[in-house]
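Novice: Input model_36.cif, format and content: mmCIF, C-alpha atoms.
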```cif
data_upload
loop_
_atom_site.label_atom_id
_atom_site.label_comp_id
_atom_site.auth_asym_id
_atom_site.auth_seq_id
_atom_site.Cartn_x
_atom_site.Cartn_y
_atom_site.Cartn_z
CA MET M 1 1.61 12.87 -10.69
CA SER M 2 -0.46 14.80 -13.24
CA THR M 3 2.53 15.11 -15.57
CA ILE M 4 3.22 11.40 -15.85
CA PHE M 5 -0.47 10.50 -16.15
CA ALA M 6 -0.73 13.09 -18.92
CA LYS M 7 2.12 11.34 -20.76
CA VAL M 8 0.86 7.79 -20.15
CA LYS M 9 -2.89 7.16 -20.05
CA LEU M 10 -4.56 4.38 -18.09
CA LYS M 11 -7.00 2.19 -20.02
CA GLY M 12 -10.58 3.01 -19.07
CA ARG M 13 -11.99 -0.44 -19.91
CA GLN M 14 -9.51 -2.19 -17.66
CA ILE M 15 -10.23 0.22 -14.81
CA ALA M 16 -14.00 -0.34 -15.23
CA LEU M 17 -13.60 -4.14 -15.27
CA LEU M 18 -11.37 -3.98 -12.20
CA SER M 19 -13.94 -1.85 -10.35
CA ILE M 20 -16.69 -4.36 -11.10
CA LEU M 21 -14.57 -7.28 -9.88
CA VAL M 22 -13.60 -5.43 -6.71
CA LEU M 23 -17.28 -4.64 -6.08
CA PHE M 24 -18.16 -8.34 -6.38
CA ALA M 25 -15.32 -9.21 -3.99
CA ALA M 26 -16.57 -6.67 -1.43
CA VAL M 27 -20.13 -8.00 -1.65
CA ALA M 28 -18.89 -11.56 -1.15
CA GLU M 29 -16.87 -10.52 1.91
CA MET M 30 -19.90 -8.78 3.40
CA MET M 31 -22.15 -11.84 2.90
CA LEU M 32 -20.04 -14.21 4.99
CA PRO M 33 -20.69 -12.72 8.48
CA SER M 34 -24.45 -12.56 7.78
CA LEU M 35 -24.48 -16.18 6.69
CA LEU M 36 -22.50 -17.13 9.80
CA ALA M 37 -25.01 -15.29 12.01
CA GLN M 38 -27.89 -17.18 10.37
CA MET M 39 -26.05 -20.46 10.87
CA ILE M 40 -25.63 -19.79 14.61
CA ASN M 41 -29.09 -18.34 15.24
CA SER M 42 -31.15 -20.66 13.04
CA GLY M 43 -28.99 -23.76 12.86
CA VAL M 44 -26.82 -24.19 15.94
CA ALA M 45 -29.27 -22.64 18.42
CA ASN M 46 -32.13 -24.82 17.12
CA SER M 47 -29.97 -27.93 16.64
CA SER M 48 -30.93 -27.95 12.95
CA ARG M 49 -28.18 -29.92 11.24
CA GLY M 50 -29.72 -29.43 7.79
CA THR M 51 -29.70 -25.64 8.13
CA VAL M 52 -26.06 -25.70 9.26
CA LEU M 53 -24.99 -27.86 6.30
CA ILE M 54 -26.88 -25.75 3.76
CA LEU M 55 -25.45 -22.48 5.06
CA ALA M 56 -21.98 -24.01 5.32
CA ALA M 57 -22.18 -25.04 1.66
CA VAL M 58 -23.33 -21.55 0.67
CA MET M 59 -20.47 -19.98 2.65
CA ALA M 60 -17.98 -22.32 0.98
CA GLY M 61 -19.34 -21.39 -2.46
CA VAL M 62 -19.17 -17.66 -1.68
CA THR M 63 -15.59 -18.07 -0.41
CA VAL M 64 -14.48 -19.89 -3.57
CA LEU M 65 -16.16 -17.27 -5.75
CA ALA M 66 -14.48 -14.49 -3.76
CA CYS M 67 -11.08 -16.16 -4.20
CA ILE M 68 -11.56 -16.37 -7.98
CA VAL M 69 -12.69 -12.75 -8.20
CA ASN M 70 -9.77 -11.59 -6.04
CA PHE M 71 -7.32 -13.52 -8.22
CA LEU M 72 -8.69 -11.91 -11.38
CA SER M 73 -8.69 -8.43 -9.84
CA VAL M 74 -5.07 -8.76 -8.69
CA LYS M 75 -4.07 -10.00 -12.14
CA ILE M 76 -5.78 -7.06 -13.88
CA ALA M 77 -4.37 -4.52 -11.42
CA SER M 78 -0.87 -5.91 -11.93
CA ARG M 79 -1.30 -5.82 -15.71
CA ILE M 80 -2.46 -2.19 -15.63
CA SER M 81 0.43 -1.03 -13.43
CA THR M 82 3.01 -3.07 -15.35
CA ASP M 83 1.87 -1.70 -18.73
CA PHE M 84 1.85 1.79 -17.26
CA SER M 85 5.40 1.53 -15.90
CA ALA M 86 6.70 0.01 -19.16
CA ALA M 87 5.21 2.86 -21.19
CA LEU M 88 6.52 5.42 -18.69
CA ARG M 89 10.00 3.93 -18.79
CA GLY M 90 9.94 4.17 -22.59
CA GLN M 91 8.90 7.84 -22.37
CA VAL M 92 11.77 8.60 -19.99
CA PHE M 93 14.28 6.76 -22.18
CA GLU M 94 13.21 8.65 -25.31
CA LYS M 95 13.35 11.95 -23.45
CA VAL M 96 16.85 11.29 -22.12
CA GLN M 97 18.03 10.42 -25.64
CA SER M 98 17.15 13.96 -26.72
CA PHE M 99 18.94 15.66 -23.80
CA SER M 100 21.71 18.14 -24.45
CA ALA M 101 25.04 17.91 -22.65
CA ALA M 102 23.93 20.64 -20.26
CA GLU M 103 20.75 18.75 -19.39
CA LEU M 104 22.71 15.54 -18.80
CA ASP M 105 25.05 17.40 -16.48
CA LYS M 106 22.09 18.95 -14.68
CA PHE M 107 20.61 15.59 -13.69
CA GLY M 108 23.71 13.42 -13.63
CA THR M 109 24.02 9.86 -14.89
CA ALA M 110 23.38 8.24 -11.51
CA SER M 111 20.22 10.26 -10.91
CA LEU M 112 18.86 9.45 -14.37
CA VAL M 113 19.48 5.74 -13.79
CA THR M 114 17.66 5.88 -10.44
CA ARG M 115 14.74 7.83 -11.90
CA SER M 116 14.26 5.44 -14.82
CA THR M 117 14.48 2.27 -12.69
CA SER M 118 13.89 2.53 -8.95
CA ASP M 119 11.60 5.58 -9.07
CA ILE M 120 9.38 4.11 -11.78
CA THR M 121 9.21 0.81 -9.86
CA ASN M 122 8.03 2.67 -6.76
CA VAL M 123 5.31 4.41 -8.77
CA GLN M 124 4.29 1.05 -10.26
CA ASN M 125 4.03 -0.60 -6.82
CA PHE M 126 1.95 2.28 -5.51
CA LEU M 127 -0.36 2.14 -8.52
CA THR M 128 -0.91 -1.60 -8.03
CA LEU M 129 -1.76 -1.02 -4.37
CA LEU M 130 -4.01 1.91 -5.22
CA LEU M 131 -5.96 0.01 -7.87
CA ARG M 132 -6.64 -2.87 -5.48
CA ILE M 133 -6.89 -1.43 -1.99
CA GLY M 134 -7.82 2.11 -3.00
CA ILE M 135 -11.01 0.77 -4.60
CA LEU M 136 -11.77 -2.16 -2.28
CA ALA M 137 -11.15 -0.59 1.13
CA PRO M 138 -13.67 2.30 0.87
CA MET M 139 -16.36 -0.11 -0.35
CA MET M 140 -15.74 -2.50 2.53
CA ALA M 141 -15.57 0.31 5.09
CA VAL M 142 -18.91 1.82 4.05
CA ALA M 143 -20.63 -1.56 3.73
CA GLY M 144 -19.16 -2.70 7.05
CA LEU M 145 -20.49 0.39 8.82
CA VAL M 146 -23.97 -0.14 7.36
CA PHE M 147 -24.11 -3.87 8.21
CA SER M 148 -22.60 -3.27 11.65
CA ALA M 149 -25.25 -0.67 12.49
CA ALA M 150 -27.97 -2.99 11.16
CA THR M 151 -26.89 -6.09 13.11
CA GLY M 152 -25.23 -4.68 16.19
CA GLY M 153 -27.19 -1.63 17.18
CA GLN M 154 -25.47 0.14 20.07
CA VAL M 155 -22.46 -2.20 19.91
CA SER M 156 -21.38 -0.54 16.66
CA SER M 157 -21.04 2.77 18.54
CA VAL M 158 -17.56 1.54 19.54
CA LEU M 159 -16.46 2.52 16.01
CA THR M 160 -17.17 6.21 16.72
CA VAL M 161 -14.16 6.12 19.02
CA ALA M 162 -12.02 3.42 17.36
CA ILE M 163 -11.96 4.88 13.84
CA PRO M 164 -10.85 8.44 14.82
CA VAL M 165 -8.16 6.99 17.12
CA LEU M 166 -6.95 4.69 14.33
CA LEU M 167 -6.91 7.51 11.77
CA ILE M 168 -5.07 9.92 14.05
CA SER M 169 -2.48 7.30 15.05
CA CYS M 170 -1.82 6.26 11.44
CA GLY M 171 -1.75 9.90 10.34
CA ILE M 172 0.95 10.82 12.87
CA VAL M 173 3.15 7.89 11.86
CA ILE M 174 2.68 8.61 8.15
CA LEU M 175 3.44 12.31 8.65
CA PHE M 176 6.77 11.61 10.31
CA ALA M 177 7.69 8.80 7.90
CA SER M 178 6.93 10.91 4.81
CA ARG M 179 9.58 13.46 5.76
CA TYR M 180 12.29 10.93 4.92
CA SER M 181 11.00 9.96 1.48
CA VAL M 182 12.67 12.76 -0.48
CA LYS M 183 15.82 12.55 1.66
CA LEU M 184 16.21 8.86 0.92
CA ARG M 185 15.84 9.37 -2.84
CA LYS M 186 18.55 12.07 -2.83
CA LYS M 187 20.88 9.96 -0.73
CA LEU M 188 20.31 7.02 -3.08
CA ASP M 189 21.25 9.25 -6.02
CA ARG M 190 24.48 10.15 -4.22
CA LEU M 191 25.22 6.49 -3.51
CA ASN M 192 24.68 5.52 -7.15
CA GLN M 193 26.80 8.43 -8.31
CA LEU M 194 29.77 7.36 -6.19
CA PHE M 195 29.38 3.75 -7.32
CA LEU M 196 29.32 4.72 -11.01
CA GLU M 197 32.29 7.05 -10.59
CA SER M 198 34.33 4.28 -8.97
CA LEU M 199 33.45 1.86 -11.77
CA GLU M 200 34.16 4.30 -14.60
CA GLY M 201 37.39 5.55 -13.05
CA VAL M 202 38.68 2.29 -11.62
CA ARG M 203 41.90 2.39 -13.67
CA VAL M 204 42.72 5.94 -12.62
CA ILE M 205 41.93 5.12 -8.97
CA ARG M 206 44.28 2.14 -9.07
CA ALA M 207 46.97 4.10 -10.90
CA PHE M 208 47.06 6.77 -8.17
CA ASN M 209 46.50 4.23 -5.35
CA LYS M 210 43.28 5.90 -4.18
CA GLN M 211 41.33 2.73 -3.37
CA GLN M 212 41.16 3.44 0.36
CA ALA M 213 40.07 7.04 -0.18
CA GLU M 214 37.28 5.97 -2.55
CA SER M 215 36.21 3.20 -0.18
CA ARG M 216 36.07 5.70 2.67
CA ARG M 217 34.05 8.18 0.59
CA PHE M 218 31.58 5.48 -0.48
CA GLY M 219 31.39 4.11 3.06
CA GLU M 220 30.44 7.50 4.48
CA ALA M 221 27.65 7.92 1.92
CA ASN M 222 26.50 4.35 2.49
CA THR M 223 26.42 4.83 6.28
CA ASP M 224 24.49 8.09 5.88
CA TYR M 225 21.90 6.41 3.65
CA ALA M 226 21.59 3.40 5.98
CA ALA M 227 21.12 5.65 9.04
CA THR M 228 18.34 7.61 7.33
CA ALA M 229 16.65 4.42 6.12
CA MET M 230 16.93 2.92 9.61
CA LEU M 231 15.31 5.97 11.20
CA SER M 232 12.51 5.90 8.64
CA GLY M 233 12.01 2.18 9.27
CA ARG M 234 11.81 2.66 13.03
CA ILE M 235 9.08 5.25 12.62
CA THR M 236 7.17 3.08 10.15
CA SER M 237 7.49 0.03 12.42
CA LEU M 238 5.36 1.81 15.02
CA LEU M 239 2.29 1.49 12.79
CA LEU M 240 1.62 -2.24 13.23
CA PRO M 241 1.85 -2.25 17.07
CA LEU M 242 -0.48 0.76 17.21
CA ILE M 243 -3.00 -0.98 14.95
CA ASN M 244 -2.78 -4.19 17.00
CA VAL M 245 -3.47 -2.30 20.24
CA ILE M 246 -6.44 -0.47 18.71
CA PHE M 247 -7.80 -3.73 17.24
CA GLY M 248 -7.43 -5.52 20.56
CA VAL M 249 -9.08 -2.81 22.64
CA THR M 250 -11.92 -2.44 20.10
CA THR M 251 -12.56 -6.19 19.99
CA ALA M 252 -12.62 -6.37 23.79
CA ALA M 253 -15.07 -3.46 23.95
CA VAL M 254 -17.34 -5.01 21.30
CA LEU M 255 -17.39 -8.42 23.00
CA GLY M 256 -17.94 -6.84 26.43
CA LEU M 257 -20.90 -4.77 25.28
CA GLY M 258 -22.21 -7.62 23.15
CA ALA M 259 -22.08 -10.06 26.06
CA HIS M 260 -24.17 -7.64 28.11
CA TYR M 261 -26.81 -7.32 25.36
CA VAL M 262 -26.86 -11.10 24.79
CA GLU M 263 -27.36 -11.65 28.53
CA THR M 264 -30.30 -9.22 28.60
CA GLY M 265 -31.80 -10.75 25.45
CA ALA M 266 -31.37 -7.60 23.36
CA MET M 267 -29.04 -9.37 20.90
CA GLU M 268 -28.58 -12.90 19.61
CA VAL M 269 -25.22 -14.66 19.75
CA GLY M 270 -25.02 -14.94 15.97
CA SER M 271 -25.64 -11.23 15.56
CA LEU M 272 -22.80 -10.50 18.02
CA VAL M 273 -20.40 -12.74 16.08
CA ALA M 274 -21.39 -11.13 12.77
CA ASN M 275 -21.14 -7.62 14.22
CA SER M 276 -17.65 -8.25 15.58
CA GLN M 277 -16.56 -9.41 12.12
CA TYR M 278 -18.08 -6.37 10.44
CA ILE M 279 -16.29 -4.09 12.88
CA SER M 280 -13.02 -5.92 12.18
CA MET M 281 -13.61 -5.42 8.44
CA VAL M 282 -14.14 -1.69 8.93
CA LEU M 283 -10.96 -1.33 10.97
CA MET M 284 -9.04 -3.49 8.48
CA SER M 285 -10.27 -1.29 5.62
CA VAL M 286 -9.10 1.82 7.44
CA MET M 287 -5.73 0.15 8.06
CA MET M 288 -5.37 -0.79 4.38
CA LEU M 289 -6.12 2.79 3.36
CA ALA M 290 -3.49 3.94 5.85
CA LEU M 291 -0.94 1.68 4.12
CA VAL M 292 -1.84 3.27 0.78
CA PHE M 293 -1.35 6.73 2.26
CA MET M 294 1.95 5.60 3.78
CA MET M 295 3.28 4.66 0.36
CA PHE M 296 2.00 7.88 -1.21
CA PRO M 297 4.83 10.23 -0.06
CA THR M 298 7.50 7.98 -1.59
CA ALA M 299 5.49 7.48 -4.80
CA TYR M 300 4.77 11.22 -5.01
CA ALA M 301 8.45 12.09 -4.58
CA CYS M 302 9.42 9.53 -7.23
CA ALA M 303 6.71 10.80 -9.61
CA GLY M 304 7.99 14.34 -9.18
CA ARG M 305 11.53 13.27 -10.06
CA ILE M 306 10.26 11.44 -13.16
CA ALA M 307 8.19 14.49 -14.13
CA GLU M 308 11.33 16.65 -14.00
CA VAL M 309 12.90 14.45 -16.66
CA LEU M 310 9.79 14.48 -18.85
#
```
Would you mind writing the file's structure down as C-alpha cells?
Specialist:
Amino acid sequence: MSTIFAKVKLKGRQIALLSILVLFAAVAEMMLPSLLAQMINSGVANSSRGTVLILAAVMAGVTVLACIVNFLSVKIASRISTDFSAALRGQVFEKVQSFSAAELDKFGTASLVTRSTSDITNVQNFLTLLLRIGILAPMMAVAGLVFSAATGGQVSSVLTVAIPVLLISCGIVILFASRYSVKLRKKLDRLNQLFLESLEGVRVIRAFNKQQAESRRFGEANTDYAATAMLSGRITSLLLPLINVIFGVTTAAVLGLGAHYVETGAMEVGSLVANSQYISMVLMSVMMLALVFMMFPTAYACAGRIAEVL
C-alpha cells in the first residue's frame, strides 16, 4: 500500500473536510437515543403532549441534518477514491508504456490488464469504504460506549461479553476468507490469459480445428476459479448469521436486565430504550469495522500487484 500512496497522494483538505462531516454525523446519531429517552420519560410518562411534539420536531430536524451530512460525506469520499484510482490508473499506464519486452513477458498481457482495471477498482472500493466507515465507526463505537455507560449503568456490562465474542467471530471468518484473496487474483489472471489467447489466435485455432480443445482448457480454468470463489463465498456468508445471533442474544440480555432494573425502580423506561439503541450502535460499529477488515486482504493483495508494476 505504501508504494501506491507514495505515487498518488490523497488531498489533505478533502480528508479534513470529510472527517469534520463524519464527526457531525456521529454526533447527530448519538443525540437521537437521548432525545427519545427524554420524550418517553418527560413526555409520554407525564402525558405531556407539548413535550412530545417539541422533542419529535427536534428529532426530525436532527435526522434531516444527519441525512444531509451523510450525503455530503459519501459524495466527498467517492470523489477522493475516484480521483485516486484515476491518477493511479494513469501511473500504471505510463509505467507499462515504458516496459521492455522482457518486462512485458514477465507480467503477461492478461495480468497487466487485470492489474490496471480490476485490481485498481478493488483498491478504490476499499478506499471509499475506509474513508466512510473507517472514520465513522470508531467515533460511534467510543461515543456509544460512553453514552451507554452513562444511561444504562450495569446494563451496559453486557458489552464486555458481546464485543469480544463479536470480534473473535468476525476475526475467524476474516482469517479464513483472506486466504483465498491472492488465489482468486492469480486464477483470474489465468482466466483472462486464456480468453485473450483464444481471441488473438482464433484464426489459427479454427484452421487446426482446435475449438473443442480450447473450450476444454478454458472450461477447466473457469471451473477452478468458480470453485475457489464459491468456497470463499461460503466462508464469508457465515459472517452475517454470526452477527445476527450475537445481536439477538445481546438485545435479549439487555432487555432482560433492563426490565429487572425498571421493575425495581433503578432505571426509567426511556433510559432502557436509549441504552438498548446505544448498545446496538456499538455492535453495529464493530460490525462495520469487521467489514472493512474483511475487504482489506483483497485490497492489500491488489495493491501489492499494482505496486509490482510501478
Novice: Name the residues captured by the PyMOL selection byres ((chain M and resi 58) around 12) when it is applied to the shown file; answer as a PyMOL selection string.
Specialist: chain M and resi 28+31-32+34-36+38-39+51-57+59-65
Novice: Mind telling me what the PyMOL selection byres ((chain M and resi 291) around 10) catches here, as a tab-separated table (two decimals) with C-alpha atoms, in the coordinates of the input?
Specialist:
```tsv
chain	number	residue	atom	x	y	z
M	129	LEU	CA	-1.76	-1.02	-4.37
M	130	LEU	CA	-4.01	1.91	-5.22
M	133	ILE	CA	-6.89	-1.43	-1.99
M	134	GLY	CA	-7.82	2.11	-3.00
M	170	CYS	CA	-1.82	6.26	11.44
M	174	ILE	CA	2.68	8.61	8.15
M	239	LEU	CA	2.29	1.49	12.79
M	285	SER	CA	-10.27	-1.29	5.62
M	286	VAL	CA	-9.10	1.82	7.44
M	287	MET	CA	-5.73	0.15	8.06
M	288	MET	CA	-5.37	-0.79	4.38
M	289	LEU	CA	-6.12	2.79	3.36
M	290	ALA	CA	-3.49	3.94	5.85
M	292	VAL	CA	-1.84	3.27	0.78
M	293	PHE	CA	-1.35	6.73	2.26
M	294	MET	CA	1.95	5.60	3.78
M	295	MET	CA	3.28	4.66	0.36
M	296	PHE	CA	2.00	7.88	-1.21
```
Novice: Skip segment 15-23 of chain M itself and residues of its chain fewer than 5 positions away, then list as a PDB file with C-alpha atoms, in the coordinates of the input all residues within 12 Å of it, counting only C-alpha atoms.
Specialist:
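Below is the file out_25.pdb, written as the result:
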```pdb
ATOM      1  CA  LYS M   9      -2.890   7.160 -20.050  1.00  0.00           C
ATOM      2  CA  LEU M  10      -4.560   4.380 -18.090  1.00  0.00           C
ATOM      3  CA  ALA M  28     -18.890 -11.560  -1.150  1.00  0.00           C
ATOM      4  CA  GLU M  29     -16.870 -10.520   1.910  1.00  0.00           C
ATOM      5  CA  MET M  30     -19.900  -8.780   3.400  1.00  0.00           C
ATOM      6  CA  LEU M  65     -16.160 -17.270  -5.750  1.00  0.00           C
ATOM      7  CA  ALA M  66     -14.480 -14.490  -3.760  1.00  0.00           C
ATOM      8  CA  CYS M  67     -11.080 -16.160  -4.200  1.00  0.00           C
ATOM      9  CA  ILE M  68     -11.560 -16.370  -7.980  1.00  0.00           C
ATOM     10  CA  VAL M  69     -12.690 -12.750  -8.200  1.00  0.00           C
ATOM     11  CA  ASN M  70      -9.770 -11.590  -6.040  1.00  0.00           C
ATOM     12  CA  PHE M  71      -7.320 -13.520  -8.220  1.00  0.00           C
ATOM     13  CA  LEU M  72      -8.690 -11.910 -11.380  1.00  0.00           C
ATOM     14  CA  SER M  73      -8.690  -8.430  -9.840  1.00  0.00           C
ATOM     15  CA  VAL M  74      -5.070  -8.760  -8.690  1.00  0.00           C
ATOM     16  CA  LYS M  75      -4.070 -10.000 -12.140  1.00  0.00           C
ATOM     17  CA  ILE M  76      -5.780  -7.060 -13.880  1.00  0.00           C
ATOM     18  CA  ALA M  77      -4.370  -4.520 -11.420  1.00  0.00           C
ATOM     19  CA  SER M  78      -0.870  -5.910 -11.930  1.00  0.00           C
ATOM     20  CA  ARG M  79      -1.300  -5.820 -15.710  1.00  0.00           C
ATOM     21  CA  ILE M  80      -2.460  -2.190 -15.630  1.00  0.00           C
ATOM     22  CA  SER M  81       0.430  -1.030 -13.430  1.00  0.00           C
ATOM     23  CA  LEU M 127      -0.360   2.140  -8.520  1.00  0.00           C
ATOM     24  CA  THR M 128      -0.910  -1.600  -8.030  1.00  0.00           C
ATOM     25  CA  LEU M 130      -4.010   1.910  -5.220  1.00  0.00           C
ATOM     26  CA  LEU M 131      -5.960   0.010  -7.870  1.00  0.00           C
ATOM     27  CA  ARG M 132      -6.640  -2.870  -5.480  1.00  0.00           C
ATOM     28  CA  ILE M 133      -6.890  -1.430  -1.990  1.00  0.00           C
ATOM     29  CA  GLY M 134      -7.820   2.110  -3.000  1.00  0.00           C
ATOM     30  CA  ILE M 135     -11.010   0.770  -4.600  1.00  0.00           C
ATOM     31  CA  LEU M 136     -11.770  -2.160  -2.280  1.00  0.00           C
ATOM     32  CA  ALA M 137     -11.150  -0.590   1.130  1.00  0.00           C
ATOM     33  CA  PRO M 138     -13.670   2.300   0.870  1.00  0.00           C
ATOM     34  CA  MET M 139     -16.360  -0.110  -0.350  1.00  0.00           C
ATOM     35  CA  MET M 140     -15.740  -2.500   2.530  1.00  0.00           C
ATOM     36  CA  ALA M 143     -20.630  -1.560   3.730  1.00  0.00           C
TER      37      ALA M 143
END
```
Novice: What separation in Å, quoted to one decimal, exists between atom CA of Ser85 of chain M and atom CA of Val8 of chain M?
Specialist: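 Atom CA of Val8 of chain M lies 8.8 Å from atom CA of Ser85 of chain M.
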Novice: Looking at M:Phe218, M:Phe195, M:Phe176, M:Tyr278, which one is nearest to Ser237 of chain M, with distances taken over only C-alpha atoms?
Specialist: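 Among M:Phe218, M:Phe195, M:Phe176, M:Tyr278, it is M:Phe176 that comes nearest to Ser237 of chain M.
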Novice: Which one is closest to Gly171 of chain M: M:Leu238, M:Val269, M:Leu310, M:Ile40? Count all atoms listed in the file.
Specialist: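 For Gly171 of chain M, the nearest of the given residues is M:Leu238.
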Novice: In Å, rounded to a single decimal, give me how far atom CA of Ser98 of chain M is from atom CA of Arg305 of chain M.
Specialist: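 According to the coordinates, atom CA of Arg305 of chain M and atom CA of Ser98 of chain M are separated by 17.6 Å.
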